[in-house]
Structure formats: C-alpha cells, structure tokens
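Visitor: See model-v9.pdb below, with PDB, C-alpha atoms, pLDDT in the B column.
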```
ATOM      1  CA  MET A 153    -100.377   4.734  31.588  1.00 54.00           C
ATOM      2  CA  ASN A 154     -97.216   6.849  31.733  1.00 56.00           C
ATOM      3  CA  ARG A 155     -93.908   5.016  31.156  1.00 57.00           C
ATOM      4  CA  LYS A 156     -90.744   6.417  32.692  1.00 55.00           C
ATOM      5  CA  GLU A 157     -87.997   6.543  30.062  1.00 55.00           C
ATOM      6  CA  PRO A 158     -84.419   6.016  31.296  1.00 56.00           C
ATOM      7  CA  ARG A 159     -82.841   9.389  31.679  1.00 58.00           C
ATOM      8  CA  GLY A 160     -79.149  10.112  31.068  1.00 59.00           C
ATOM      9  CA  MET A 161     -78.427   6.764  29.372  1.00 72.00           C
ATOM     10  CA  ALA A 162     -77.057   8.377  26.215  1.00 69.00           C
ATOM     11  CA  GLY A 163     -74.806  10.620  28.278  1.00 68.00           C
ATOM     12  CA  THR A 164     -73.479   7.665  30.284  1.00 74.00           C
ATOM     13  CA  ILE A 165     -72.739   5.706  27.116  1.00 74.00           C
ATOM     14  CA  MET A 166     -70.914   8.710  25.634  1.00 73.00           C
ATOM     15  CA  VAL A 167     -68.795   9.094  28.763  1.00 71.00           C
ATOM     16  CA  ILE A 168     -67.889   5.382  28.674  1.00 74.00           C
ATOM     17  CA  LEU A 169     -66.940   5.637  24.995  1.00 71.00           C
ATOM     18  CA  VAL A 170     -64.779   8.695  25.645  1.00 72.00           C
ATOM     19  CA  PHE A 171     -63.045   6.982  28.572  1.00 68.00           C
ATOM     20  CA  GLY A 172     -62.485   3.881  26.426  1.00 70.00           C
ATOM     21  CA  LEU A 173     -60.959   6.023  23.689  1.00 69.00           C
ATOM     22  CA  LEU A 174     -58.684   7.812  26.164  1.00 70.00           C
ATOM     23  CA  ILE A 175     -57.567   4.499  27.656  1.00 74.00           C
ATOM     24  CA  SER A 176     -56.774   3.153  24.167  1.00 70.00           C
ATOM     25  CA  ILE A 177     -54.795   6.274  23.308  1.00 71.00           C
ATOM     26  CA  SER A 178     -52.934   6.147  26.637  1.00 68.00           C
ATOM     27  CA  THR A 179     -52.111   2.453  26.187  1.00 70.00           C
ATOM     28  CA  ALA A 180     -50.876   3.061  22.635  1.00 63.00           C
ATOM     29  CA  TYR A 181     -48.746   5.994  23.807  1.00 58.00           C
ATOM     30  CA  ILE A 182     -47.231   3.994  26.670  1.00 65.00           C
ATOM     31  CA  LYS A 183     -46.447   1.135  24.274  1.00 62.00           C
ATOM     32  CA  MET A 184     -44.874   3.566  21.809  1.00 62.00           C
ATOM     33  CA  VAL A 185     -42.702   5.095  24.536  1.00 58.00           C
ATOM     34  CA  GLN A 186     -41.635   1.638  25.719  1.00 57.00           C
ATOM     35  CA  THR A 187     -40.757   0.626  22.147  1.00 56.00           C
ATOM     36  CA  GLU A 188     -38.799   3.832  21.553  1.00 54.00           C
ATOM     37  CA  THR A 189     -36.938   3.321  24.829  1.00 53.00           C
ATOM     38  CA  GLN A 190     -36.048  -0.254  23.881  1.00 54.00           C
ATOM     39  CA  VAL A 191     -34.920   0.789  20.394  1.00 48.00           C
ATOM     40  CA  GLN A 192     -32.870   3.669  21.800  1.00 50.00           C
ATOM     41  CA  GLY A 193     -31.287   1.288  24.289  1.00 50.00           C
ATOM     42  CA  MET A 194     -30.313  -1.095  21.495  1.00 55.00           C
ATOM     43  CA  ILE A 195     -28.874   1.797  19.464  1.00 65.00           C
ATOM     44  CA  ASP A 196     -26.885   2.983  22.485  1.00 85.00           C
ATOM     45  CA  ASN A 197     -25.531  -0.513  23.088  1.00 90.00           C
ATOM     46  CA  SER A 198     -24.619  -0.888  19.408  1.00 92.00           C
ATOM     47  CA  ASP A 199     -22.743   2.419  19.665  1.00 93.00           C
ATOM     48  CA  ARG A 200     -20.878   1.007  22.648  1.00 93.00           C
ATOM     49  CA  ALA A 201     -19.832  -1.965  20.518  1.00 95.00           C
ATOM     50  CA  LEU A 202     -18.590   0.511  17.895  1.00 96.00           C
ATOM     51  CA  ASP A 203     -16.607   2.296  20.621  1.00 94.00           C
ATOM     52  CA  ALA A 204     -14.964  -1.030  21.443  1.00 94.00           C
ATOM     53  CA  ALA A 205     -14.113  -1.563  17.757  1.00 96.00           C
ATOM     54  CA  PHE A 206     -12.481   1.873  17.614  1.00 96.00           C
ATOM     55  CA  SER A 207     -10.529   0.950  20.741  1.00 94.00           C
ATOM     56  CA  GLY A 208      -9.077  -1.896  18.679  1.00 95.00           C
ATOM     57  CA  VAL A 209      -8.047   0.504  15.909  1.00 97.00           C
ATOM     58  CA  ASN A 210      -6.473   2.912  18.398  1.00 95.00           C
ATOM     59  CA  PHE A 211      -4.682   0.080  20.161  1.00 93.00           C
ATOM     60  CA  VAL A 212      -3.076  -1.161  16.937  1.00 95.00           C
ATOM     61  CA  ILE A 213      -2.104   2.391  15.929  1.00 96.00           C
ATOM     62  CA  THR A 214      -0.488   2.975  19.325  1.00 93.00           C
ATOM     63  CA  VAL A 215       1.549  -0.231  19.194  1.00 92.00           C
ATOM     64  CA  ALA A 216       2.537   0.194  15.534  1.00 93.00           C
ATOM     65  CA  GLN A 217       3.530   3.825  16.019  1.00 92.00           C
ATOM     66  CA  SER A 218       6.014   2.849  18.716  1.00 92.00           C
ATOM     67  CA  GLN A 219       7.954   0.729  16.183  1.00 91.00           C
ATOM     68  CA  LYS A 220      10.610   2.610  14.233  1.00 92.00           C
ATOM     69  CA  GLN A 221      10.216   0.184  11.296  1.00 92.00           C
ATOM     70  CA  MET A 222       6.865   1.834  10.526  1.00 94.00           C
ATOM     71  CA  PHE A 223       8.627   4.969   9.332  1.00 94.00           C
ATOM     72  CA  ASP A 224      11.291   3.371   7.174  1.00 93.00           C
ATOM     73  CA  GLN A 225       9.991   2.648   3.682  1.00 91.00           C
ATOM     74  CA  SER A 226      12.686   0.021   3.151  1.00 90.00           C
ATOM     75  CA  LEU A 227      11.455  -2.036   6.137  1.00 93.00           C
ATOM     76  CA  VAL A 228       7.828  -2.581   5.156  1.00 93.00           C
ATOM     77  CA  ALA A 229       8.074  -6.335   5.721  1.00 93.00           C
ATOM     78  CA  GLN A 230       9.397  -5.741   9.234  1.00 93.00           C
ATOM     79  CA  ARG A 231       6.483  -3.630  10.376  1.00 94.00           C
ATOM     80  CA  ARG A 232       4.280  -4.693  13.246  1.00 93.00           C
ATOM     81  CA  TYR A 233       1.305  -6.635  11.916  1.00 94.00           C
ATOM     82  CA  PHE A 234      -1.359  -8.297  14.041  1.00 92.00           C
ATOM     83  CA  THR A 235      -2.502 -11.722  12.869  1.00 90.00           C
ATOM     84  CA  ARG A 236      -4.387 -14.754  14.168  1.00 83.00           C
ATOM     85  CA  THR A 237      -2.919 -16.797  17.007  1.00 68.00           C
ATOM     86  CA  SER A 238      -1.745 -19.472  14.559  1.00 66.00           C
ATOM     87  CA  PRO A 239      -0.990 -17.627  11.271  1.00 60.00           C
ATOM     88  CA  ALA A 240      -2.082 -19.392   8.114  1.00 60.00           C
ATOM     89  CA  GLY A 241      -0.439 -18.762   4.772  1.00 64.00           C
ATOM     90  CA  THR A 242      -3.757 -18.029   3.070  1.00 73.00           C
ATOM     91  CA  ASP A 243      -4.728 -15.164   5.372  1.00 86.00           C
ATOM     92  CA  TRP A 244      -3.407 -12.456   3.042  1.00 91.00           C
ATOM     93  CA  ASP A 245      -4.571 -13.993  -0.248  1.00 89.00           C
ATOM     94  CA  GLY A 246      -7.366 -11.435  -0.465  1.00 90.00           C
ATOM     95  CA  ILE A 247      -4.864  -8.599  -0.872  1.00 94.00           C
ATOM     96  CA  GLY A 248      -2.552 -10.446  -3.260  1.00 93.00           C
ATOM     97  CA  LEU A 249       0.140 -11.378  -0.743  1.00 92.00           C
ATOM     98  CA  ALA A 250       1.340 -14.634   0.757  1.00 88.00           C
ATOM     99  CA  PHE A 251       1.913 -14.340   4.488  1.00 88.00           C
ATOM    100  CA  SER A 252       5.136 -15.883   5.758  1.00 87.00           C
ATOM    101  CA  ALA A 253       6.404 -15.617   9.310  1.00 85.00           C
ATOM    102  CA  GLY A 254       9.919 -15.743   7.891  1.00 88.00           C
ATOM    103  CA  THR A 255       9.275 -12.658   5.738  1.00 90.00           C
ATOM    104  CA  TYR A 256       7.047 -10.673   8.076  1.00 91.00           C
ATOM    105  CA  THR A 257       9.169 -11.267  11.127  1.00 90.00           C
ATOM    106  CA  ASN A 258       7.418  -8.814  13.466  1.00 91.00           C
ATOM    107  CA  ALA A 259       3.921 -10.177  12.945  1.00 90.00           C
ATOM    108  CA  THR A 260       2.253 -10.632  16.319  1.00 88.00           C
ATOM    109  CA  SER A 261      -0.575 -13.002  17.175  1.00 85.00           C
ATOM    110  CA  SER A 262      -3.646 -11.389  18.668  1.00 82.00           C
ATOM    111  CA  ASP A 263      -7.003 -12.337  20.132  1.00 84.00           C
ATOM    112  CA  TRP A 264      -9.687 -10.712  22.296  1.00 88.00           C
ATOM    113  CA  PHE A 265      -8.745  -7.836  24.562  1.00 88.00           C
ATOM    114  CA  PHE A 266     -11.028  -6.617  27.326  1.00 85.00           C
ATOM    115  CA  LEU A 267     -11.886  -3.169  28.702  1.00 82.00           C
ATOM    116  CA  ASN A 268     -13.762  -2.036  31.777  1.00 76.00           C
ATOM    117  CA  GLU A 269     -16.608   0.507  31.925  1.00 74.00           C
ATOM    118  CA  SER A 270     -14.120   3.373  31.598  1.00 73.00           C
ATOM    119  CA  LEU A 271     -12.633   1.717  28.476  1.00 71.00           C
ATOM    120  CA  SER A 272      -9.385   1.126  30.382  1.00 75.00           C
ATOM    121  CA  LEU A 273      -7.505  -1.765  28.853  1.00 71.00           C
ATOM    122  CA  PHE A 274      -7.160  -5.225  30.352  1.00 66.00           C
ATOM    123  CA  ASP A 275      -5.001  -7.793  28.594  1.00 61.00           C
ATOM    124  CA  TYR A 276      -6.822 -10.861  27.306  1.00 52.00           C
ATOM    125  CA  GLY A 277      -4.816 -12.853  29.871  1.00 54.00           C
ATOM    126  CA  ASP A 278      -6.511 -10.982  32.723  1.00 55.00           C
ATOM    127  CA  THR A 279      -8.303 -13.469  34.961  1.00 53.00           C
ATOM    128  CA  GLY A 280     -11.263 -11.172  35.548  1.00 55.00           C
ATOM    129  CA  SER A 281     -11.928 -10.620  31.849  1.00 57.00           C
ATOM    130  CA  SER A 282     -15.081 -12.736  31.812  1.00 64.00           C
ATOM    131  CA  THR A 283     -17.106  -9.910  33.370  1.00 80.00           C
ATOM    132  CA  LYS A 284     -15.718  -6.973  31.377  1.00 86.00           C
ATOM    133  CA  PRO A 285     -18.432  -5.340  29.231  1.00 90.00           C
ATOM    134  CA  TYR A 286     -16.224  -4.115  26.362  1.00 91.00           C
ATOM    135  CA  HIS A 287     -14.219  -6.511  24.178  1.00 92.00           C
ATOM    136  CA  PHE A 288     -12.256  -5.975  20.981  1.00 94.00           C
ATOM    137  CA  ARG A 289      -9.930  -7.845  18.679  1.00 94.00           C
ATOM    138  CA  ALA A 290      -8.023  -6.435  15.735  1.00 95.00           C
ATOM    139  CA  ILE A 291      -5.744  -7.465  12.909  1.00 95.00           C
ATOM    140  CA  SER A 292      -3.570  -5.345  10.646  1.00 96.00           C
ATOM    141  CA  TYR A 293      -1.876  -5.877   7.314  1.00 96.00           C
ATOM    142  CA  PRO A 294      -0.336  -3.959   4.390  1.00 95.00           C
ATOM    143  CA  HIS A 295      -2.441  -1.814   2.118  1.00 96.00           C
ATOM    144  CA  THR A 296      -2.022  -3.110  -1.418  1.00 96.00           C
ATOM    145  CA  ILE A 297      -3.035  -2.064  -4.893  1.00 94.00           C
ATOM    146  CA  GLY A 298      -3.039  -5.256  -6.903  1.00 89.00           C
ATOM    147  CA  SER A 299      -0.279  -7.069  -5.063  1.00 90.00           C
ATOM    148  CA  VAL A 300       1.919  -3.993  -4.592  1.00 94.00           C
ATOM    149  CA  ILE A 301       2.318  -2.826  -0.996  1.00 94.00           C
ATOM    150  CA  GLN A 302       1.648   0.881  -0.482  1.00 95.00           C
ATOM    151  CA  SER A 303       4.368   1.864   1.964  1.00 95.00           C
ATOM    152  CA  ASP A 304       2.566   4.995   3.158  1.00 96.00           C
ATOM    153  CA  SER A 305      -0.586   3.168   4.202  1.00 96.00           C
ATOM    154  CA  TYR A 306      -1.644   0.549   6.740  1.00 96.00           C
ATOM    155  CA  ILE A 307      -4.942  -1.334   7.140  1.00 97.00           C
ATOM    156  CA  ILE A 308      -6.599  -2.278  10.427  1.00 98.00           C
ATOM    157  CA  LYS A 309      -9.677  -4.457  10.793  1.00 97.00           C
ATOM    158  CA  SER A 310     -11.341  -4.420  14.190  1.00 97.00           C
ATOM    159  CA  GLN A 311     -14.261  -6.143  15.835  1.00 97.00           C
ATOM    160  CA  GLY A 312     -15.886  -4.793  18.989  1.00 96.00           C
ATOM    161  CA  ARG A 313     -18.594  -6.120  21.233  1.00 94.00           C
ATOM    162  CA  PHE A 314     -20.524  -4.866  24.240  1.00 94.00           C
ATOM    163  CA  LEU A 315     -21.833  -7.480  26.664  1.00 93.00           C
ATOM    164  CA  ILE A 316     -24.661  -7.092  29.156  1.00 91.00           C
ATOM    165  CA  TYR A 317     -24.336  -9.248  32.263  1.00 89.00           C
ATOM    166  CA  ASN A 318     -26.679 -10.571  34.894  1.00 88.00           C
ATOM    167  CA  GLY A 319     -24.074 -11.304  37.510  1.00 84.00           C
ATOM    168  CA  THR A 320     -21.531 -13.295  35.505  1.00 83.00           C
ATOM    169  CA  THR A 321     -24.027 -14.531  32.900  1.00 88.00           C
ATOM    170  CA  VAL A 322     -24.128 -12.765  29.536  1.00 90.00           C
ATOM    171  CA  THR A 323     -27.724 -11.852  28.693  1.00 93.00           C
ATOM    172  CA  ALA A 324     -27.120  -9.842  25.497  1.00 93.00           C
ATOM    173  CA  THR A 325     -24.244  -9.200  23.096  1.00 94.00           C
ATOM    174  CA  TYR A 326     -23.947  -6.246  20.728  1.00 95.00           C
ATOM    175  CA  THR A 327     -21.287  -6.310  18.017  1.00 96.00           C
ATOM    176  CA  SER A 328     -19.681  -4.016  15.470  1.00 97.00           C
ATOM    177  CA  GLN A 329     -16.937  -4.484  12.881  1.00 98.00           C
ATOM    178  CA  ILE A 330     -15.005  -1.839  10.986  1.00 98.00           C
ATOM    179  CA  VAL A 331     -12.033  -1.591   8.667  1.00 98.00           C
ATOM    180  CA  ALA A 332      -9.768   1.448   8.682  1.00 98.00           C
ATOM    181  CA  GLU A 333      -7.081   2.805   6.403  1.00 97.00           C
ATOM    182  CA  CYS A 334      -4.300   4.664   8.168  1.00 97.00           C
ATOM    183  CA  ALA A 335      -1.838   7.082   6.590  1.00 97.00           C
ATOM    184  CA  ILE A 336       1.807   6.843   7.626  1.00 96.00           C
ATOM    185  CA  LYS A 337       3.431  10.268   7.933  1.00 94.00           C
ATOM    186  CA  PHE A 338       7.136   9.600   7.559  1.00 93.00           C
ATOM    187  CA  ASN A 339       8.375  13.111   8.305  1.00 92.00           C
ATOM    188  CA  ARG A 340       6.269  13.517  11.427  1.00 91.00           C
ATOM    189  CA  LYS A 341       6.586   9.855  12.419  1.00 92.00           C
ATOM    190  CA  VAL A 342       2.905   9.414  13.178  1.00 94.00           C
ATOM    191  CA  ILE A 343       0.132   7.122  11.989  1.00 96.00           C
ATOM    192  CA  GLN A 344      -3.175   8.865  11.317  1.00 95.00           C
ATOM    193  CA  LEU A 345      -6.629   7.427  10.760  1.00 96.00           C
ATOM    194  CA  LYS A 346      -7.466   8.360   7.166  1.00 96.00           C
ATOM    195  CA  ARG A 347     -10.870   6.753   6.684  1.00 97.00           C
ATOM    196  CA  TRP A 348     -13.005   3.916   8.001  1.00 97.00           C
ATOM    197  CA  ARG A 349     -16.200   2.045   7.183  1.00 97.00           C
ATOM    198  CA  TYR A 350     -18.539  -0.517   8.674  1.00 96.00           C
ATOM    199  CA  MET A 351     -18.195  -4.174   7.684  1.00 96.00           C
ATOM    200  CA  PRO A 352     -20.544  -7.141   8.108  1.00 96.00           C
ATOM    201  CA  LEU A 353     -19.618  -9.078  11.217  1.00 96.00           C
ATOM    202  CA  GLN A 354     -17.288 -11.946  10.300  1.00 96.00           C
ATOM    203  CA  ALA A 355     -16.814 -15.301  11.989  1.00 93.00           C
ATOM    204  CA  ASP A 356     -13.407 -16.297  13.355  1.00 87.00           C
ATOM    205  CA  THR A 357     -12.118 -17.864  10.137  1.00 85.00           C
ATOM    206  CA  ASP A 358     -12.935 -14.894   7.903  1.00 92.00           C
ATOM    207  CA  PHE A 359     -12.125 -12.168  10.408  1.00 94.00           C
ATOM    208  CA  PHE A 360      -8.446 -13.085  10.482  1.00 91.00           C
ATOM    209  CA  LYS A 361      -8.174 -12.888   6.701  1.00 92.00           C
ATOM    210  CA  ALA A 362      -7.091  -9.646   5.060  1.00 93.00           C
ATOM    211  CA  ASP A 363      -9.806  -7.718   3.207  1.00 94.00           C
ATOM    212  CA  ARG A 364      -9.254  -4.711   1.012  1.00 93.00           C
ATOM    213  CA  TYR A 365     -10.618  -1.448   2.328  1.00 92.00           C
TER     214      TYR A 365
END
```
Please render this file's structure as structure tokens.

Guide:
Amino acid sequence: MNRKEPRGMAGTIMVILVFGLLISISTAYIKMVQTETQVQGMIDNSDRALDAAFSGVNFVITVAQSQKQMFDQSLVAQRRYFTRTSPAGTDWDGIGLAFSAGTYTNATSSDWFFLNESLSLFDYGDTGSSTKPYHFRAISYPHTIGSVIQSDSYIIKSQGRFLIYNGTTVTATYTSQIVAECAIKFNRKVIQLKRWRYMPLQADTDFFKADRY
C-alpha cells in the first residue's frame, strides 16, 4: 500500500515562523518608537518648564535694572528684592542675613506669574490665568560671602512650570527650578546673567528662603 505523505508542510511551517518573527520585530519597533516619542515629549515639556523658569529670571532682571538703586553701591539695602507674600525674618538665614522690611525697604512680595503660549506675560492677578500653560515665580536676594553682601552681585531663584490642559483641567505638570547669579555692571548700568544651575524643586516654604548659589 502506498501512503501519501503531506507535501509542503515544512515550507508552510517555515513561512509561518518567518511571519511570526516579522510580526514580533514590527511590534517591538512600533513599541520602541512610541516609547521614544513619549520620552521626547516629556523632555520637550520639561524644557518648556525651564523656559518658564528663565522667564522668571529675566523678569526679575528687567524690574531690578529699572531701579537706580541697583547701581549705587551705597544703597545695597534699598535695592529691589523679591520675597514671599508675607516676608518672614528667617528667610535669609541661609545666606547669613536677617531680613527686615525696615532695612530692605524696597523688597516686593511676589507669587506666581502666568504666560501664554507666546511667553507673553500676564500678571498673577489676571482672571484668565487658570488656563495659561506657562507659570513662573521668582525671588531675589543679595549675594553674600559669609554674611558680607557682595555689592556687584545679585542672586535670583526661579521656579517654572508647564501645564497641559484638557479644557480647563490640568492633566500634567512639568516643573523646573534654577538659581542664577547676576553681575551688576555699575559703569554700564546693566545687570547681566553670570551663571546659573539647576536646583531640586522646592516646596513653598523652602522656595522662599535664600539659598547660596
């Protein structure tokens, strides 16, 4: 008796295995692309939060530079400093100074400011601020060595955040915090960013305290 052996079975199995391998590779590639896209999106959004933090530094520089006290070395205590809404006397302990509203008479309270997609500024009193994607807040204080104020230098600490909305609901928040040392050029009457570095994000209580660069 002649038995008919299945023909082409090995070839069919090989084709199935090859297709299975291609599908696995394709799935892995698609997943890798999706992961890279998500990571890149998070990096981009973190960079946007850093942009907001730099907006805080630039804002403080702009305001401080408009004050003539900044360029008079005998009026260091009368410079424009940004502090918490309700200044506490311990806020400058970290730099060896005791803050006093009576001594630092031009200290100005500050809180969150808001910017639109073009990074145009909206005051934190703006009623539509709840849907602005870019936010920043900043404080400034003297640069000290020990407890001695360096009259040709000025420190700014800024916190930026980028918010993603679904309508008016925040679905994700990206944050960045930096501290910057600015050089005061007395002859040219300008304030220049000298150097900056990242800082760990601080909560409200610690953010409004002065930290050394």

Visitor: Please give the centre and size of the box around region 328-332 of chain A (axis-aligned, containing every atom listed in the file, 4 Å added per side), with values in Å to one decimal and written as AutoDock Vina command-line options.

Guide:
```
--center_x -14.7 --center_y -1.5 --center_z 12.1 --size_x 17.9 --size_y 13.9 --size_z 14.8
```

Visitor: Could you spell out the hits of the PyMOL selection byres ((chain A and resi 319) around 12) on the shown file, as a list in words?

Guide: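 Output of the PyMOL selection byres ((chain A and resi 319) around 12): Ser282, Thr283, Lys284, Pro285, Leu315, Ile316, Tyr317, Asn318, Thr320, Thr321, Val322 and Thr323 of chain A.
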
Visitor: Contacts of region 345-361 of chain A at 6 Å or less, counting only C-alpha atoms, minus same-chain residues fewer than 6 places along, as a ChimeraX atom specification?

Guide: /A:236,243,329-335

Visitor: Closest to Trp264 (chain A) among A:Phe206, A:Arg289, A:Leu227, A:Ile336, using only C-alpha atoms?

Guide: A:Arg289

Visitor: Can you translate the PyMOL selection byres ((chain A and resi 260) around 12) into the concrete residues it hits in this file, as a PyMOL selection string?

Guide: chain A and resi 212+215-216+230-239+253+256-259+261-263+290-293

Visitor: When the PyMOL selection byres ((chain A and resi 302) around 12) is applied to the structure above, which residues does it catch, written out as a list in words?

Guide: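 For this structure, the PyMOL selection byres ((chain A and resi 302) around 12) resolves to Gln225, Ser226, Val228, Ala229, Ile247, Tyr293, Pro294, His295, Thr296, Ile297, Gly298, Ser299, Val300, Ile301, Ser303, Asp304, Ser305, Tyr306, Ile307, Glu333, Cys334, Ala335 and Ile336 of chain A.
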
Visitor: Just to be explicit: take each residue in the selection above, keep C-alpha atoms, and write the result as a CSV table (one decimal), in the coordinates of the input.

Guide:
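Heads up, here's the output in again_27.csv:
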```csv
chain,number,residue,atom,x,y,z
A,225,GLN,CA,10.0,2.6,3.7
A,226,SER,CA,12.7,0.0,3.2
A,228,VAL,CA,7.8,-2.6,5.2
A,229,ALA,CA,8.1,-6.3,5.7
A,247,ILE,CA,-4.9,-8.6,-0.9
A,293,TYR,CA,-1.9,-5.9,7.3
A,294,PRO,CA,-0.3,-4.0,4.4
A,295,HIS,CA,-2.4,-1.8,2.1
A,296,THR,CA,-2.0,-3.1,-1.4
A,297,ILE,CA,-3.0,-2.1,-4.9
A,298,GLY,CA,-3.0,-5.3,-6.9
A,299,SER,CA,-0.3,-7.1,-5.1
A,300,VAL,CA,1.9,-4.0,-4.6
A,301,ILE,CA,2.3,-2.8,-1.0
A,303,SER,CA,4.4,1.9,2.0
A,304,ASP,CA,2.6,5.0,3.2
A,305,SER,CA,-0.6,3.2,4.2
A,306,TYR,CA,-1.6,0.5,6.7
A,307,ILE,CA,-4.9,-1.3,7.1
A,333,GLU,CA,-7.1,2.8,6.4
A,334,CYS,CA,-4.3,4.7,8.2
A,335,ALA,CA,-1.8,7.1,6.6
A,336,ILE,CA,1.8,6.8,7.6
```

Visitor: Which residue gives the smallest distance to His287 (chain A) among A:Thr179, A:Ser328, A:Gln344, A:Ser252, with only C-alpha atoms counted?

Guide: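 Among the listed residues, A:Ser328 lies closest to His287 (chain A).
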
Visitor: Between CA of Thr214 (chain A) and CA of Trp244 (chain A), measure the distance and give it in Å to one decimal.

Guide: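 CA of Thr214 (chain A) sits 22.6 Å away from CA of Trp244 (chain A).
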
Visitor: What is the distance, in Å and to one decimal place, between CA of Thr327 (chain A) and CA of Phe266 (chain A)?

Guide: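 So the two atoms, CA of Thr327 (chain A) and CA of Phe266 (chain A), lie 13.9 Å apart.
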
Visitor: So the first atom is CA of Val342 (chain A) and the second is CA of Ser218 (chain A); what is the distance between them in Å, to one decimal place?

Guide: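 Interatomic distance, CA of Val342 (chain A) to CA of Ser218 (chain A): 9.1 Å.
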
Visitor: Which residues come within 8 Å of Asp245 (chain A), counting all atoms listed in the file, excluding same-chain residues fewer than 4 positions away, as a PDB file with C-alpha atoms, keeping the file's coordinate frame?

Guide:
```pdb
ATOM      1  CA  LEU A 249       0.140 -11.378  -0.743  1.00 92.00           C
ATOM      2  CA  ALA A 250       1.340 -14.634   0.757  1.00 88.00           C
ATOM      3  CA  LYS A 361      -8.174 -12.888   6.701  1.00 92.00           C
ATOM      4  CA  ALA A 362      -7.091  -9.646   5.060  1.00 93.00           C
TER       5      ALA A 362
END
```
